[in-house]
$ cat my_file.tsv   # TSV, N, CA and C atoms
chain	number	residue	atom	x	y	z
A	793	MET	N	-27.33	1.27	-37.40
A	793	MET	CA	-27.04	2.47	-36.65
A	793	MET	C	-26.13	2.10	-35.47
A	794	ARG	N	-25.13	2.93	-35.22
A	794	ARG	CA	-24.26	2.76	-34.07
A	794	ARG	C	-24.52	3.92	-33.11
A	795	LEU	N	-24.55	3.58	-31.83
A	795	LEU	CA	-24.95	4.53	-30.80
A	795	LEU	C	-23.97	4.49	-29.64
A	796	VAL	N	-23.61	5.67	-29.13
A	796	VAL	CA	-22.80	5.79	-27.92
A	796	VAL	C	-23.69	6.45	-26.86
A	797	VAL	N	-23.86	5.76	-25.73
A	797	VAL	CA	-24.65	6.30	-24.61
A	797	VAL	C	-23.69	6.56	-23.46
A	798	LEU	N	-23.67	7.79	-22.97
A	798	LEU	CA	-22.74	8.20	-21.92
A	798	LEU	C	-23.48	8.71	-20.70
A	799	ASP	N	-22.89	8.50	-19.54
A	799	ASP	CA	-23.31	9.20	-18.32
A	799	ASP	C	-22.67	10.58	-18.38
A	800	ALA	N	-23.05	11.48	-17.49
A	800	ALA	CA	-22.49	12.83	-17.51
A	800	ALA	C	-21.37	13.00	-16.49
A	801	ASP	N	-21.68	12.87	-15.20
A	801	ASP	CA	-20.71	13.16	-14.15
A	801	ASP	C	-19.58	12.14	-14.16
A	802	GLY	N	-18.37	12.64	-14.35
A	802	GLY	CA	-17.20	11.78	-14.39
A	802	GLY	C	-16.93	11.18	-15.75
A	803	VAL	N	-17.84	11.37	-16.69
A	803	VAL	CA	-17.65	10.88	-18.06
A	803	VAL	C	-17.55	12.08	-19.00
A	804	LEU	N	-18.60	12.87	-19.09
A	804	LEU	CA	-18.55	14.11	-19.87
A	804	LEU	C	-17.91	15.25	-19.08
A	805	THR	N	-17.86	15.10	-17.75
A	805	THR	CA	-17.27	16.13	-16.89
A	805	THR	C	-16.03	15.58	-16.21
A	806	SER	N	-15.33	16.46	-15.52
A	806	SER	CA	-14.13	16.05	-14.79
A	806	SER	C	-14.46	15.23	-13.55
A	807	GLY	N	-15.71	15.25	-13.14
A	807	GLY	CA	-16.12	14.53	-11.94
A	807	GLY	C	-16.09	15.37	-10.68
A	808	HIS	N	-15.57	16.57	-10.77
A	808	HIS	CA	-15.54	17.46	-9.61
A	808	HIS	C	-16.92	18.02	-9.34
A	809	MET	N	-17.26	18.13	-8.06
A	809	MET	CA	-18.52	18.75	-7.66
A	809	MET	C	-18.17	20.12	-7.06
A	810	ILE	N	-18.52	21.18	-7.78
A	810	ILE	CA	-18.17	22.54	-7.36
A	810	ILE	C	-19.47	23.30	-7.14
A	811	TYR	N	-19.59	23.92	-5.97
A	811	TYR	CA	-20.80	24.68	-5.64
A	811	TYR	C	-20.43	26.13	-5.37
A	812	GLY	N	-21.26	27.04	-5.87
A	812	GLY	CA	-21.07	28.46	-5.63
A	812	GLY	C	-21.64	28.88	-4.30
A	813	ALA	N	-21.43	30.13	-3.95
A	813	ALA	CA	-21.88	30.68	-2.67
A	813	ALA	C	-23.39	30.60	-2.49
A	814	GLN	N	-24.12	30.64	-3.60
A	814	GLN	CA	-25.58	30.58	-3.54
A	814	GLN	C	-26.11	29.16	-3.67
A	815	GLY	N	-25.21	28.17	-3.67
A	815	GLY	CA	-25.62	26.77	-3.77
A	815	GLY	C	-25.71	26.25	-5.20
A	816	GLU	N	-25.38	27.09	-6.17
A	816	GLU	CA	-25.46	26.66	-7.56
A	816	GLU	C	-24.33	25.68	-7.86
A	817	ALA	N	-24.61	24.72	-8.72
A	817	ALA	CA	-23.64	23.70	-9.07
A	817	ALA	C	-22.93	24.07	-10.36
A	818	PHE	N	-21.64	23.84	-10.39
A	818	PHE	CA	-20.83	24.07	-11.59
A	818	PHE	C	-20.26	22.75	-12.06
A	819	LYS	N	-20.13	22.60	-13.35
A	819	LYS	CA	-19.52	21.40	-13.91
A	819	LYS	C	-18.45	21.84	-14.88
A	820	GLN	N	-17.42	21.03	-15.00
A	820	GLN	CA	-16.29	21.35	-15.85
A	820	GLN	C	-16.22	20.34	-16.99
A	821	PHE	N	-16.20	20.84	-18.22
A	821	PHE	CA	-16.09	20.01	-19.41
A	821	PHE	C	-14.75	20.29	-20.07
A	822	HIS	N	-14.24	19.34	-20.82
A	822	HIS	CA	-12.97	19.54	-21.52
A	822	HIS	C	-13.25	19.66	-23.02
A	823	SER	N	-12.62	20.63	-23.64
A	823	SER	CA	-12.87	20.88	-25.07
A	823	SER	C	-12.42	19.71	-25.94
A	824	ARG	N	-11.39	18.97	-25.53
A	824	ARG	CA	-10.94	17.82	-26.33
A	824	ARG	C	-11.98	16.72	-26.35
A	825	ASP	N	-12.66	16.52	-25.23
A	825	ASP	CA	-13.74	15.54	-25.22
A	825	ASP	C	-14.83	15.95	-26.20
A	826	GLY	N	-15.13	17.25	-26.22
A	826	GLY	CA	-16.13	17.76	-27.15
A	826	GLY	C	-15.73	17.52	-28.59
A	827	LEU	N	-14.47	17.75	-28.90
A	827	LEU	CA	-13.99	17.52	-30.26
A	827	LEU	C	-14.13	16.04	-30.62
A	828	GLY	N	-13.78	15.16	-29.70
A	828	GLY	CA	-13.92	13.73	-29.96
A	828	GLY	C	-15.36	13.34	-30.23
A	829	LEU	N	-16.29	13.92	-29.49
A	829	LEU	CA	-17.71	13.61	-29.69
A	829	LEU	C	-18.21	14.16	-31.02
A	830	VAL	N	-17.75	15.33	-31.40
A	830	VAL	CA	-18.11	15.88	-32.71
A	830	VAL	C	-17.58	14.97	-33.81
A	831	LEU	N	-16.35	14.52	-33.68
A	831	LEU	CA	-15.77	13.63	-34.69
A	831	LEU	C	-16.52	12.30	-34.75
A	832	ALA	N	-16.96	11.80	-33.59
A	832	ALA	CA	-17.75	10.56	-33.56
A	832	ALA	C	-19.06	10.76	-34.31
A	833	ARG	N	-19.70	11.91	-34.08
A	833	ARG	CA	-20.96	12.21	-34.77
A	833	ARG	C	-20.73	12.32	-36.28
A	834	VAL	N	-19.66	13.00	-36.67
A	834	VAL	CA	-19.34	13.14	-38.10
A	834	VAL	C	-19.08	11.77	-38.73
A	835	ALA	N	-18.52	10.84	-37.95
A	835	ALA	CA	-18.24	9.49	-38.45
A	835	ALA	C	-19.50	8.63	-38.52
A	836	GLY	N	-20.63	9.18	-38.08
A	836	GLY	CA	-21.88	8.46	-38.22
A	836	GLY	C	-22.45	7.88	-36.94
A	837	LEU	N	-21.79	8.07	-35.81
A	837	LEU	CA	-22.31	7.58	-34.54
A	837	LEU	C	-23.42	8.49	-34.03
A	838	LYS	N	-24.43	7.91	-33.44
A	838	LYS	CA	-25.45	8.67	-32.74
A	838	LYS	C	-24.98	8.84	-31.30
A	839	LEU	N	-25.30	9.97	-30.68
A	839	LEU	CA	-24.85	10.27	-29.32
A	839	LEU	C	-26.05	10.44	-28.39
A	840	ALA	N	-25.92	9.86	-27.19
A	840	ALA	CA	-26.96	10.01	-26.17
A	840	ALA	C	-26.30	10.19	-24.82
A	841	VAL	N	-26.93	10.97	-23.97
A	841	VAL	CA	-26.50	11.09	-22.57
A	841	VAL	C	-27.65	10.60	-21.70
A	842	LEU	N	-27.30	9.84	-20.68
A	842	LEU	CA	-28.28	9.28	-19.75
A	842	LEU	C	-27.71	9.44	-18.35
A	843	THR	N	-28.30	10.31	-17.55
A	843	THR	CA	-27.75	10.62	-16.23
A	843	THR	C	-28.85	10.74	-15.19
A	844	GLY	N	-28.48	10.44	-13.97
A	844	GLY	CA	-29.44	10.51	-12.88
A	844	GLY	C	-29.71	11.92	-12.39
A	845	ARG	N	-28.79	12.81	-12.60
A	845	ARG	CA	-28.97	14.19	-12.13
A	845	ARG	C	-29.71	15.03	-13.17
A	846	GLN	N	-30.52	15.94	-12.68
A	846	GLN	CA	-31.16	16.94	-13.54
A	846	GLN	C	-30.20	18.11	-13.63
A	847	SER	N	-29.73	18.46	-14.80
A	847	SER	CA	-28.70	19.48	-14.93
A	847	SER	C	-28.89	20.29	-16.20
A	848	ASP	N	-29.19	21.57	-16.03
A	848	ASP	CA	-29.30	22.46	-17.19
A	848	ASP	C	-27.96	22.61	-17.89
A	849	ILE	N	-26.88	22.52	-17.11
A	849	ILE	CA	-25.53	22.66	-17.67
A	849	ILE	C	-25.23	21.50	-18.63
A	850	VAL	N	-25.57	20.28	-18.21
A	850	VAL	CA	-25.35	19.10	-19.06
A	850	VAL	C	-26.24	19.20	-20.31
A	851	ALA	N	-27.48	19.62	-20.13
A	851	ALA	CA	-28.38	19.77	-21.27
A	851	ALA	C	-27.81	20.77	-22.27
A	852	ARG	N	-27.28	21.86	-21.76
A	852	ARG	CA	-26.70	22.88	-22.65
A	852	ARG	C	-25.50	22.32	-23.41
A	853	ARG	N	-24.58	21.66	-22.69
A	853	ARG	CA	-23.38	21.12	-23.34
A	853	ARG	C	-23.73	20.07	-24.39
A	854	CYS	N	-24.64	19.18	-24.06
A	854	CYS	CA	-25.04	18.14	-25.01
A	854	CYS	C	-25.79	18.74	-26.20
A	855	GLY	N	-26.53	19.79	-25.96
A	855	GLY	CA	-27.18	20.50	-27.06
A	855	GLY	C	-26.16	21.14	-27.98
A	856	GLU	N	-25.13	21.76	-27.39
A	856	GLU	CA	-24.07	22.37	-28.20
A	856	GLU	C	-23.36	21.33	-29.06
A	857	LEU	N	-23.21	20.12	-28.51
A	857	LEU	CA	-22.53	19.04	-29.23
A	857	LEU	C	-23.48	18.25	-30.13
A	858	ARG	N	-24.74	18.68	-30.18
A	858	ARG	CA	-25.78	18.09	-31.03
A	858	ARG	C	-26.01	16.61	-30.75
A	859	PHE	N	-26.12	16.29	-29.44
A	859	PHE	CA	-26.48	14.92	-29.07
A	859	PHE	C	-27.86	14.61	-29.63
A	860	ASP	N	-28.07	13.36	-29.99
A	860	ASP	CA	-29.36	12.94	-30.54
A	860	ASP	C	-30.41	12.76	-29.46
A	861	VAL	N	-29.98	12.32	-28.27
A	861	VAL	CA	-30.91	12.06	-27.17
A	861	VAL	C	-30.27	12.59	-25.88
A	862	ILE	N	-31.08	13.31	-25.09
A	862	ILE	CA	-30.62	13.81	-23.79
A	862	ILE	C	-31.64	13.37	-22.75
A	863	LYS	N	-31.24	12.47	-21.85
A	863	LYS	CA	-32.11	11.97	-20.78
A	863	LYS	C	-31.49	12.38	-19.45
A	864	LEU	N	-32.11	13.32	-18.77
A	864	LEU	CA	-31.63	13.83	-17.50
A	864	LEU	C	-32.57	13.46	-16.37
A	865	GLY	N	-32.03	13.36	-15.17
A	865	GLY	CA	-32.86	13.07	-14.00
A	865	GLY	C	-33.47	11.68	-14.03
A	866	ARG	N	-32.76	10.73	-14.62
A	866	ARG	CA	-33.30	9.38	-14.79
A	866	ARG	C	-32.47	8.36	-14.00
A	867	PHE	N	-32.99	7.96	-12.85
A	867	PHE	CA	-32.33	6.93	-12.05
A	867	PHE	C	-32.78	5.54	-12.49
A	868	ASP	N	-33.86	5.47	-13.28
A	868	ASP	CA	-34.33	4.20	-13.84
A	868	ASP	C	-33.61	3.96	-15.17
A	869	LYS	N	-32.31	3.75	-15.08
A	869	LYS	CA	-31.47	3.75	-16.28
A	869	LYS	C	-31.80	2.61	-17.24
A	870	ILE	N	-32.23	1.48	-16.75
A	870	ILE	CA	-32.58	0.38	-17.66
A	870	ILE	C	-33.79	0.77	-18.49
A	871	ASP	N	-34.82	1.33	-17.85
A	871	ASP	CA	-36.00	1.78	-18.59
A	871	ASP	C	-35.65	2.90	-19.56
A	872	ALA	N	-34.84	3.85	-19.09
A	872	ALA	CA	-34.46	4.99	-19.94
A	872	ALA	C	-33.64	4.51	-21.14
A	873	LEU	N	-32.75	3.55	-20.91
A	873	LEU	CA	-31.95	3.03	-22.02
A	873	LEU	C	-32.87	2.34	-23.05
A	874	GLY	N	-33.89	1.63	-22.57
A	874	GLY	CA	-34.86	1.04	-23.48
A	874	GLY	C	-35.58	2.07	-24.33
A	875	GLU	N	-35.90	3.22	-23.74
A	875	GLU	CA	-36.53	4.31	-24.48
A	875	GLU	C	-35.57	4.85	-25.55
A	876	ILE	N	-34.31	4.97	-25.19
A	876	ILE	CA	-33.32	5.47	-26.15
A	876	ILE	C	-33.18	4.52	-27.34
A	877	LEU	N	-33.11	3.23	-27.03
A	877	LEU	CA	-32.93	2.25	-28.09
A	877	LEU	C	-34.17	2.17	-28.96
$ encode --input "my_file.tsv" --output "C-alpha cells"
Amino acid sequence: MRLVVLDADGVLTSGHMIYGAQGEAFKQFHSRDGLGLVLARVAGLKLAVLTGRQSDIVARRCGELRFDVIKLGRFDKIDALGEIL
C-alpha cells in the first residue's frame, strides 16, 4: 500500500488566514489540487490529512475528495501518524 499524508494549511489550502466579521475562519482550496488528489487515489494511493487545527472546512473538503483518513486537531503528529500507519 502507498500512502500520502498531508497537512492542511498551506498544503491543501493557499495558506491565507481569512476571518469573517463574526470571527469565522475561511479557507481557500484550489480545484487543480483536488483533481491531482483524485487522480492519485485512482492510481491506487491512499490519502490522509493530519493537521493541528480543528476545521470543519478541511473535514468537508477531504470528505469530498474521499480521503481515507482525516485527523484534525492533532498537535501530537508523531502519535497521530502512528495511528494512521
$ atom_distance --input "my_file.tsv" --atom1 "CA of Gly844 (chain A)" --atom2 "atom N of Gly865 (chain A)"
4.5 Å
$ closest_residue --input "my_file.tsv" --among "A:Arg866, A:Asp799, A:Asp860, A:Ala872" --to "Leu837 (chain A)" --atoms "only C-alpha atoms"
A:Asp860
$ closest_residue --input "my_file.tsv" --among "A:Leu798, A:Gly815, A:Leu804, A:Thr843" --to "Asp868 (chain A)" --atoms "only N, CA and C atoms"
A:Thr843
$ closest_residue --input "my_file.tsv" --among "A:Arg858, A:Leu864, A:Leu842, A:Arg852" --to "Val797 (chain A)" --atoms "only N, CA and C atoms"
A:Leu842
$ atom_distance --input "my_file.tsv" --atom1 "CA of Val850 (chain A)" --atom2 "atom C of Met793 (chain A)"
23.6 Å
$ axis_aligned_box --input "my_file.tsv" --around "region 830-839 of chain A" --padding-each-side "8 Å" --output "JSON"
{"center_x": -20.9, "center_y": 11.7, "center_z": -33.6, "size_x": 26.3, "size_y": 24.3, "size_z": 26.3}
$ closest_residue --input "my_file.tsv" --among "A:Ile870, A:Val834, A:Glu875, A:Arg845" --to "Asp801 (chain A)" --atoms "all atoms listed in the file"
A:Arg845
$ atom_distance --input "my_file.tsv" --atom1 "CA of His808 (chain A)" --atom2 "CA of Val861 (chain A)"
24.0 Å
$ residues_around --input "my_file.tsv" --residues "Phe821 (chain A)" --least-positions-apart "4" --cutoff "8 Å" --atoms "only N, CA and C atoms" --output "NGL selection string"
:A and (804-807 or 825-826)
$ select_by_dssp --input "my_file.tsv" --residues "chain A" --states "helix (DSSP H, G or I)" --output "PyMOL selection string"
chain A and resi 823-834+848-856+869-876
$ select_by_dssp --input "my_file.tsv" --residues "chain A" --states "strand (DSSP E)" --output "ChimeraX atom specification"
/A:795-798,810-811,817-818,838-842,861-863
$ closest_residue --input "my_file.tsv" --among "A:His822, A:Ala832, A:Lys838, A:Ala817" --to "Arg794 (chain A)" --atoms "all atoms listed in the file"
A:Lys838
$ closest_residue --input "my_file.tsv" --among "A:Gln846, A:Cys854, A:Val841, A:Glu816" --to "Val796 (chain A)" --atoms "all atoms listed in the file"
A:Val841
$ decode --input "my_file.tsv" --residues "chain A" --atoms "C-alpha atoms" --output "PDB file, in the first residue's frame"
ATOM      1  CA  MET A 793       0.000   0.000   0.000  1.00  0.00           C
ATOM      2  CA  ARG A 794       1.213   3.512  -0.817  1.00  0.00           C
ATOM      3  CA  LEU A 795       0.054   6.409   1.321  1.00  0.00           C
ATOM      4  CA  VAL A 796       0.232  10.201   1.029  1.00  0.00           C
ATOM      5  CA  VAL A 797      -0.155  12.109   4.320  1.00  0.00           C
ATOM      6  CA  LEU A 798      -0.687  15.864   4.008  1.00  0.00           C
ATOM      7  CA  ASP A 799      -1.030  18.798   6.357  1.00  0.00           C
ATOM      8  CA  ALA A 800      -3.907  21.164   5.561  1.00  0.00           C
ATOM      9  CA  ASP A 801      -2.898  24.814   5.997  1.00  0.00           C
ATOM     10  CA  GLY A 802      -0.502  25.845   3.265  1.00  0.00           C
ATOM     11  CA  VAL A 803      -0.601  22.392   1.674  1.00  0.00           C
ATOM     12  CA  LEU A 804      -4.252  21.687   0.837  1.00  0.00           C
ATOM     13  CA  THR A 805      -5.042  25.406   1.172  1.00  0.00           C
ATOM     14  CA  SER A 806      -3.459  28.581  -0.140  1.00  0.00           C
ATOM     15  CA  GLY A 807      -2.135  29.311   3.341  1.00  0.00           C
ATOM     16  CA  HIS A 808      -4.128  32.511   3.719  1.00  0.00           C
ATOM     17  CA  MET A 809      -5.911  33.075   7.023  1.00  0.00           C
ATOM     18  CA  ILE A 810      -9.204  34.853   6.288  1.00  0.00           C
ATOM     19  CA  TYR A 811     -11.691  35.719   9.032  1.00  0.00           C
ATOM     20  CA  GLY A 812     -15.244  36.963   8.630  1.00  0.00           C
ATOM     21  CA  ALA A 813     -16.925  39.725  10.612  1.00  0.00           C
ATOM     22  CA  GLN A 814     -18.274  37.190  13.104  1.00  0.00           C
ATOM     23  CA  GLY A 815     -14.843  35.600  13.630  1.00  0.00           C
ATOM     24  CA  GLU A 816     -15.488  32.633  11.356  1.00  0.00           C
ATOM     25  CA  ALA A 817     -12.473  31.248   9.518  1.00  0.00           C
ATOM     26  CA  PHE A 818     -12.405  30.761   5.762  1.00  0.00           C
ATOM     27  CA  LYS A 819     -10.006  28.583   3.821  1.00  0.00           C
ATOM     28  CA  GLN A 820      -9.274  28.610   0.122  1.00  0.00           C
ATOM     29  CA  PHE A 821      -8.739  25.398  -1.852  1.00  0.00           C
ATOM     30  CA  HIS A 822      -7.694  25.076  -5.487  1.00  0.00           C
ATOM     31  CA  SER A 823      -9.643  22.803  -7.816  1.00  0.00           C
ATOM     32  CA  ARG A 824      -6.457  21.628  -9.587  1.00  0.00           C
ATOM     33  CA  ASP A 825      -5.072  20.310  -6.319  1.00  0.00           C
ATOM     34  CA  GLY A 826      -8.330  18.421  -5.865  1.00  0.00           C
ATOM     35  CA  LEU A 827      -8.036  16.911  -9.327  1.00  0.00           C
ATOM     36  CA  GLY A 828      -4.478  15.808  -8.584  1.00  0.00           C
ATOM     37  CA  LEU A 829      -5.592  14.126  -5.371  1.00  0.00           C
ATOM     38  CA  VAL A 830      -8.451  12.360  -7.141  1.00  0.00           C
ATOM     39  CA  LEU A 831      -6.011  11.114  -9.782  1.00  0.00           C
ATOM     40  CA  ALA A 832      -3.631   9.929  -7.042  1.00  0.00           C
ATOM     41  CA  ARG A 833      -6.481   7.998  -5.424  1.00  0.00           C
ATOM     42  CA  VAL A 834      -7.494   6.493  -8.781  1.00  0.00           C
ATOM     43  CA  ALA A 835      -3.849   5.423  -9.260  1.00  0.00           C
ATOM     44  CA  GLY A 836      -4.085   3.451  -6.029  1.00  0.00           C
ATOM     45  CA  LEU A 837      -2.645   5.834  -3.440  1.00  0.00           C
ATOM     46  CA  LYS A 838      -4.327   6.129  -0.065  1.00  0.00           C
ATOM     47  CA  LEU A 839      -4.861   9.715   1.145  1.00  0.00           C
ATOM     48  CA  ALA A 840      -4.672  11.088   4.677  1.00  0.00           C
ATOM     49  CA  VAL A 841      -4.750  14.559   6.186  1.00  0.00           C
ATOM     50  CA  LEU A 842      -3.091  15.274   9.527  1.00  0.00           C
ATOM     51  CA  THR A 843      -3.389  18.801  10.888  1.00  0.00           C
ATOM     52  CA  GLY A 844      -3.147  20.602  14.180  1.00  0.00           C
ATOM     53  CA  ARG A 845      -6.206  22.760  13.622  1.00  0.00           C
ATOM     54  CA  GLN A 846      -9.770  21.570  14.127  1.00  0.00           C
ATOM     55  CA  SER A 847     -11.566  22.593  10.938  1.00  0.00           C
ATOM     56  CA  ASP A 848     -14.977  21.593   9.641  1.00  0.00           C
ATOM     57  CA  ILE A 849     -13.989  23.123   6.299  1.00  0.00           C
ATOM     58  CA  VAL A 850     -10.961  20.816   5.944  1.00  0.00           C
ATOM     59  CA  ALA A 851     -13.063  17.825   7.012  1.00  0.00           C
ATOM     60  CA  ARG A 852     -15.637  18.683   4.359  1.00  0.00           C
ATOM     61  CA  ARG A 853     -13.050  19.123   1.591  1.00  0.00           C
ATOM     62  CA  CYS A 854     -11.235  15.903   2.456  1.00  0.00           C
ATOM     63  CA  GLY A 855     -14.555  14.091   2.620  1.00  0.00           C
ATOM     64  CA  GLU A 856     -15.455  15.387  -0.840  1.00  0.00           C
ATOM     65  CA  LEU A 857     -12.107  14.106  -2.121  1.00  0.00           C
ATOM     66  CA  ARG A 858     -12.712  10.750  -0.380  1.00  0.00           C
ATOM     67  CA  PHE A 859      -9.629  10.812   1.831  1.00  0.00           C
ATOM     68  CA  ASP A 860      -9.094   7.513   3.624  1.00  0.00           C
ATOM     69  CA  VAL A 861      -8.096   9.116   6.944  1.00  0.00           C
ATOM     70  CA  ILE A 862      -8.891  12.570   8.360  1.00  0.00           C
ATOM     71  CA  LYS A 863      -7.070  13.559  11.572  1.00  0.00           C
ATOM     72  CA  LEU A 864      -7.916  17.075  12.752  1.00  0.00           C
ATOM     73  CA  GLY A 865      -6.894  18.972  15.871  1.00  0.00           C
ATOM     74  CA  ARG A 866      -3.822  16.785  16.374  1.00  0.00           C
ATOM     75  CA  PHE A 867      -0.674  18.544  17.565  1.00  0.00           C
ATOM     76  CA  ASP A 868       0.779  15.156  18.602  1.00  0.00           C
ATOM     77  CA  LYS A 869       1.642  14.453  14.987  1.00  0.00           C
ATOM     78  CA  ILE A 870       4.061  11.595  15.640  1.00  0.00           C
ATOM     79  CA  ASP A 871       1.432   9.691  17.627  1.00  0.00           C
ATOM     80  CA  ALA A 872      -1.280  10.539  15.095  1.00  0.00           C
ATOM     81  CA  LEU A 873       0.925   9.398  12.210  1.00  0.00           C
ATOM     82  CA  GLY A 874       1.455   6.095  14.043  1.00  0.00           C
ATOM     83  CA  GLU A 875      -2.324   5.677  14.275  1.00  0.00           C
ATOM     84  CA  ILE A 876      -2.657   6.344  10.553  1.00  0.00           C
ATOM     85  CA  LEU A 877       0.018   3.828   9.660  1.00  0.00           C
TER      86      LEU A 877
END
